[in-house]
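For reference, the structure discussed in these notes is given below.
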Amino acid sequence: MTEKDEIITIDGPSGSGKSTISRELARRLHYTYLDTGAMYRAVGLLALRRNIALDDEKGISSLLSNFDLQLLPGKHDTRVLLDQQDVSEAIRTPEMGMAASRVSALPVVREKLTLLQQQLGSRGRVVAEGRDTGTVVFPQAGYKFYLDASAEERARRRCKQLHEKGQDVNEKEILTQLIRRDQDDSSRTIAPLKAAPDAVIINSSRMTIVEVLDFMLEQLAKK
Ligand code: DC
């Protein structure tokens with residue numbers, strides 16, 4: 001396998017620990033971390049800021065024909081620049097998660113972002129995380145994981161994360177939103193959330209981050 005083909009995908013529902021684990025795995029392997037969810041969040045934010053309805057495919061399509069999105073590796077999260085403005089904090093709210101999920105069901109958005117993601121991954125040595133990175137974006141990836149956990153555990157983790165960032169959130173509301181978002185993401189027609197047939201499925205409900213990482217590194221070493 002050449003370096004160009006070295007792509008690791010990590011898909012799964014929200015709050016499954018994908019981001020923390022993908023970022024850490026990329027750091028350990030000296031790979032680039034590709035946060036595809038951040039891209040959908042940025043499109044959701046842009047549509048809301050321009051007062052375009054989240055299901056207005058025509059309106060969003062014209063937004064996409066003229067937008068500049070940059071992902072830069074940050075200390076904790078990917079820094080996201082939208083038309084040169086840092087929106088890294090603004091996209092990380094539960095509302096932007098819902099907005100991202102809605103725009104992500106539009107074919108025009110998926111087409112554009114999938115292409116961008118494939119370009120970003122074209123040099124290989126990438127850990128890509130999202131919902132469809134192993135099934136649609138990088139079906140050729142040499143290593144695929146699907147990370148899951150119970151909805152309650154995921155809501156608890158997400159709440160803790162948001163509290164640490166100073167956001168005041170209610171765990172019950174987060175759980176309701178998370179279940180709804182998973183249902184929407186899994187039931188959409190294009191590129192729904194699902195495990196690739198060749199993905200290693202990990203249920204992390206009772207695992208620590210270190211345990212999941214160790215397990216993944218073991219799997220990678222085996223291949
Ligand atoms: O991973 P996240 O919570 O930042 O993702 C936000 C939303 O973006 C998610 O609910 C669905 C959408 N998404 C997607 O459709 N495909 C991806 N590869 C990544 C995210």
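By convention in this document, the chains of the structure tokens carry letters A, B, ... by their order, each chain's residues are numbered from 1, and ligands are numbered from 1 in the order they are shown.
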Inset, instruction - For ligand 1, collect every residue having any atom at a distance of at most 6 Å from a ligand atom (counting only C-alpha atoms and all ligand atoms); output as a VMD selection string. - result: chain A and resid 14 36 to 38 40 to 41 97 100 to 101 104 130 to 133 181 185
Legend entry - Those in region 132-198 of chain A with strand (DSSP E) from DSSP, as an NGL selection string: :A and (143-148)
Legend entry - Distance in Å - CA of Leu25 (chain A) versus CA of Glu218 (chain A):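 Distance between the two atoms: 12.0 Å.
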Inset, instruction - From a DSSP calculation on the backbone, collect every residue of chain A in alpha helix (DSSP H) and output the set as a ChimeraX atom specification. - result: /A:18-29,36-49,57-64,94-103,107-120,151-164,171-187,209-222
Legend entry - Leu106 (chain A) environment, 12 Å, only C-alpha atoms, sequence neighbours closer than 2 positions dropped, as a ChimeraX atom specification: /A:40,43-44,53-61,64,99-104,108-113,185,188-192
Write a file of the just-selected residues containing C-alpha atoms, as a compact mmCIF listing (two decimals), in the first residue's frame.
```txt
# COMPACT_ATOMS: atom_id res chain seq x y z
CA TYR A 40 -21.51 20.45 7.08
CA VAL A 43 -22.65 25.23 5.46
CA GLY A 44 -25.52 25.20 8.00
CA ALA A 53 -34.01 28.07 4.57
CA LEU A 54 -32.15 24.86 5.40
CA ASP A 55 -34.14 22.91 2.81
CA ASP A 56 -33.86 25.53 0.05
CA GLU A 57 -31.67 23.57 -2.30
CA LYS A 58 -31.49 26.31 -4.93
CA GLY A 59 -30.57 29.00 -2.41
CA ILE A 60 -27.94 26.83 -0.77
CA SER A 61 -26.59 25.77 -4.14
CA LEU A 64 -21.92 26.97 -2.36
CA ALA A 99 -28.64 22.69 11.01
CA ALA A 100 -25.73 20.64 9.65
CA SER A 101 -27.84 17.51 9.69
CA ARG A 102 -30.59 19.25 7.71
CA VAL A 103 -28.36 20.70 5.00
CA SER A 104 -26.45 17.44 4.79
CA VAL A 108 -26.03 19.54 -3.88
CA VAL A 109 -24.38 19.93 -0.47
CA ARG A 110 -23.23 16.33 -0.34
CA GLU A 111 -21.84 16.48 -3.85
CA LYS A 112 -19.82 19.62 -3.16
CA LEU A 113 -18.49 18.59 0.25
CA ASP A 185 -28.85 11.02 9.43
CA ARG A 188 -31.80 10.05 4.45
CA THR A 189 -31.61 8.71 0.92
CA ILE A 190 -28.10 9.80 0.01
CA ALA A 191 -25.06 8.68 1.99
CA PRO A 192 -26.93 7.74 5.16
```
Legend entry - Point-to-point distance in Å for CA of Glu6 (chain A) and CA of Ala141 (chain A): 6.9 Å
Inset, instruction - Determine, counting only C-alpha atoms, which protein, DNA and RNA residues have an atom within 8 Å of an atom of Asp68 (chain A); residues of the same chain fewer than 4 positions away are not included. Present the result as a list of chain:residue names. - result: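 Here the qualifying residues turn out to be A:Leu81, A:Leu82, A:Asp83, A:Gln84.
Restricting the calculation to only C-alpha atoms, the smallest distance between Lys144 (chain A) and any of A:Ala47, A:Leu220, A:Ile209, A:Leu193 is found for A:Leu220.
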Inset, instruction - For region 28-32 of chain A, work out the shell of residues within 7 Å, counting only C-alpha atoms and skipping chain neighbours fewer than 3 positions away, then give it as an MDAnalysis selection string. - result: chainID A and resid 24:25 125:127
Same residues, N, CA, C and O atoms, output as a PDB file, in the first residue's frame:
```pdb
ATOM      1  N   GLU A  24      -6.875  12.240  18.080  1.00  0.00           N
ATOM      2  CA  GLU A  24      -5.747  11.643  18.802  1.00  0.00           C
ATOM      3  C   GLU A  24      -5.035  10.590  17.945  1.00  0.00           C
ATOM      4  O   GLU A  24      -3.811  10.499  17.936  1.00  0.00           O
ATOM      5  N   LEU A  25      -5.828   9.813  17.210  1.00  0.00           N
ATOM      6  CA  LEU A  25      -5.228   8.792  16.348  1.00  0.00           C
ATOM      7  C   LEU A  25      -4.361   9.472  15.280  1.00  0.00           C
ATOM      8  O   LEU A  25      -3.234   9.041  15.010  1.00  0.00           O
ATOM      9  N   ARG A 125      -2.475   9.567   4.066  1.00  0.00           N
ATOM     10  CA  ARG A 125      -2.112   9.813   5.466  1.00  0.00           C
ATOM     11  C   ARG A 125      -3.148  10.695   6.158  1.00  0.00           C
ATOM     12  O   ARG A 125      -2.834  11.744   6.716  1.00  0.00           O
ATOM     13  N   VAL A 126      -4.395  10.211   6.076  1.00  0.00           N
ATOM     14  CA  VAL A 126      -5.517  10.983   6.613  1.00  0.00           C
ATOM     15  C   VAL A 126      -6.354  10.106   7.545  1.00  0.00           C
ATOM     16  O   VAL A 126      -6.564   8.935   7.275  1.00  0.00           O
ATOM     17  N   VAL A 127      -6.814  10.710   8.647  1.00  0.00           N
ATOM     18  CA  VAL A 127      -7.855  10.078   9.454  1.00  0.00           C
ATOM     19  C   VAL A 127      -9.103  10.921   9.226  1.00  0.00           C
ATOM     20  O   VAL A 127      -9.144  12.093   9.594  1.00  0.00           O
TER      21      VAL A 127
END
```
Inset, instruction - Excluding Tyr33 (chain A) and any residue of its chain fewer than 6 positions from it, enumerate the residues within 10 Å of it, using only C-alpha atoms, and give them as an MDAnalysis selection string. - result: chainID A and resid 8 19 22:27 71:73 77:78 121 125:129
Keeping N, CA, C and O atoms, export the residues of the selection given above as a PDB file, in the first residue's frame.
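Saved result, result02.pdb, follows:
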```pdb
ATOM      1  N   ILE A   8      -7.661   6.273   6.901  1.00  0.00           N
ATOM      2  CA  ILE A   8      -8.397   5.606   7.977  1.00  0.00           C
ATOM      3  C   ILE A   8      -9.711   6.355   8.118  1.00  0.00           C
ATOM      4  O   ILE A   8      -9.719   7.587   8.229  1.00  0.00           O
ATOM      5  N   SER A  19     -14.693  12.352  17.331  1.00  0.00           N
ATOM      6  CA  SER A  19     -13.786  13.492  17.140  1.00  0.00           C
ATOM      7  C   SER A  19     -12.538  13.356  17.999  1.00  0.00           C
ATOM      8  O   SER A  19     -11.416  13.472  17.496  1.00  0.00           O
ATOM      9  N   SER A  22     -10.502  10.376  16.692  1.00  0.00           N
ATOM     10  CA  SER A  22      -9.894  10.590  15.366  1.00  0.00           C
ATOM     11  C   SER A  22      -8.724  11.565  15.474  1.00  0.00           C
ATOM     12  O   SER A  22      -7.672  11.365  14.868  1.00  0.00           O
ATOM     13  N   ARG A  23      -8.941  12.624  16.251  1.00  0.00           N
ATOM     14  CA  ARG A  23      -7.888  13.640  16.389  1.00  0.00           C
ATOM     15  C   ARG A  23      -6.643  13.035  17.041  1.00  0.00           C
ATOM     16  O   ARG A  23      -5.522  13.239  16.603  1.00  0.00           O
ATOM     17  N   GLU A  24      -6.875  12.240  18.080  1.00  0.00           N
ATOM     18  CA  GLU A  24      -5.747  11.643  18.802  1.00  0.00           C
ATOM     19  C   GLU A  24      -5.035  10.590  17.945  1.00  0.00           C
ATOM     20  O   GLU A  24      -3.811  10.499  17.936  1.00  0.00           O
ATOM     21  N   LEU A  25      -5.828   9.813  17.210  1.00  0.00           N
ATOM     22  CA  LEU A  25      -5.228   8.792  16.348  1.00  0.00           C
ATOM     23  C   LEU A  25      -4.361   9.472  15.280  1.00  0.00           C
ATOM     24  O   LEU A  25      -3.234   9.041  15.010  1.00  0.00           O
ATOM     25  N   ALA A  26      -4.896  10.557  14.701  1.00  0.00           N
ATOM     26  CA  ALA A  26      -4.138  11.289  13.675  1.00  0.00           C
ATOM     27  C   ALA A  26      -2.848  11.847  14.289  1.00  0.00           C
ATOM     28  O   ALA A  26      -1.784  11.787  13.670  1.00  0.00           O
ATOM     29  N   ARG A  27      -2.944  12.349  15.509  1.00  0.00           N
ATOM     30  CA  ARG A  27      -1.757  12.935  16.163  1.00  0.00           C
ATOM     31  C   ARG A  27      -0.679  11.863  16.363  1.00  0.00           C
ATOM     32  O   ARG A  27       0.468  12.042  16.033  1.00  0.00           O
ATOM     33  N   LEU A  71     -10.032  24.412   6.505  1.00  0.00           N
ATOM     34  CA  LEU A  71      -9.907  23.678   7.763  1.00  0.00           C
ATOM     35  C   LEU A  71      -8.443  23.710   8.177  1.00  0.00           C
ATOM     36  O   LEU A  71      -7.577  23.312   7.417  1.00  0.00           O
ATOM     37  N   LEU A  72      -8.178  24.202   9.378  1.00  0.00           N
ATOM     38  CA  LEU A  72      -6.800  24.264   9.851  1.00  0.00           C
ATOM     39  C   LEU A  72      -6.692  23.465  11.138  1.00  0.00           C
ATOM     40  O   LEU A  72      -7.580  23.549  11.994  1.00  0.00           O
ATOM     41  N   PRO A  73      -5.623  22.682  11.278  1.00  0.00           N
ATOM     42  CA  PRO A  73      -5.510  21.908  12.516  1.00  0.00           C
ATOM     43  C   PRO A  73      -5.349  22.845  13.716  1.00  0.00           C
ATOM     44  O   PRO A  73      -4.512  23.742  13.702  1.00  0.00           O
ATOM     45  N   ASP A  77      -9.664  21.563  18.612  1.00  0.00           N
ATOM     46  CA  ASP A  77     -10.594  21.289  17.520  1.00  0.00           C
ATOM     47  C   ASP A  77      -9.946  21.725  16.219  1.00  0.00           C
ATOM     48  O   ASP A  77      -8.961  22.451  16.234  1.00  0.00           O
ATOM     49  N   THR A  78     -10.577  21.320  15.097  1.00  0.00           N
ATOM     50  CA  THR A  78     -10.143  21.874  13.817  1.00  0.00           C
ATOM     51  C   THR A  78     -10.589  23.342  13.795  1.00  0.00           C
ATOM     52  O   THR A  78     -11.707  23.646  14.184  1.00  0.00           O
ATOM     53  N   GLY A 121      -8.192  14.620   0.978  1.00  0.00           N
ATOM     54  CA  GLY A 121      -7.615  13.317   1.325  1.00  0.00           C
ATOM     55  C   GLY A 121      -6.737  12.736   0.238  1.00  0.00           C
ATOM     56  O   GLY A 121      -6.166  11.659   0.387  1.00  0.00           O
ATOM     57  N   ARG A 125      -2.475   9.567   4.066  1.00  0.00           N
ATOM     58  CA  ARG A 125      -2.112   9.813   5.466  1.00  0.00           C
ATOM     59  C   ARG A 125      -3.148  10.695   6.158  1.00  0.00           C
ATOM     60  O   ARG A 125      -2.834  11.744   6.716  1.00  0.00           O
ATOM     61  N   VAL A 126      -4.395  10.211   6.076  1.00  0.00           N
ATOM     62  CA  VAL A 126      -5.517  10.983   6.613  1.00  0.00           C
ATOM     63  C   VAL A 126      -6.354  10.106   7.545  1.00  0.00           C
ATOM     64  O   VAL A 126      -6.564   8.935   7.275  1.00  0.00           O
ATOM     65  N   VAL A 127      -6.814  10.710   8.647  1.00  0.00           N
ATOM     66  CA  VAL A 127      -7.855  10.078   9.454  1.00  0.00           C
ATOM     67  C   VAL A 127      -9.103  10.921   9.226  1.00  0.00           C
ATOM     68  O   VAL A 127      -9.144  12.093   9.594  1.00  0.00           O
ATOM     69  N   ALA A 128     -10.092  10.340   8.548  1.00  0.00           N
ATOM     70  CA  ALA A 128     -11.315  11.084   8.229  1.00  0.00           C
ATOM     71  C   ALA A 128     -12.442  10.614   9.129  1.00  0.00           C
ATOM     72  O   ALA A 128     -12.625   9.409   9.307  1.00  0.00           O
ATOM     73  N   GLU A 129     -13.174  11.556   9.694  1.00  0.00           N
ATOM     74  CA  GLU A 129     -14.308  11.154  10.533  1.00  0.00           C
ATOM     75  C   GLU A 129     -15.604  11.779  10.050  1.00  0.00           C
ATOM     76  O   GLU A 129     -15.597  12.874   9.511  1.00  0.00           O
TER      77      GLU A 129
END
```
Legend entry - Between CA of Pro94 (chain A) and CA of Asn203 (chain A) - distance in Å to one decimal: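 Interatomic distance here is 23.1 Å.
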Inset, instruction - Using only C-alpha atoms, find the one residue out of A:Ile202, A:Gln117, A:Thr93, A:Lys222 that sits nearest to Gly166 (chain A). - result: A:Thr93
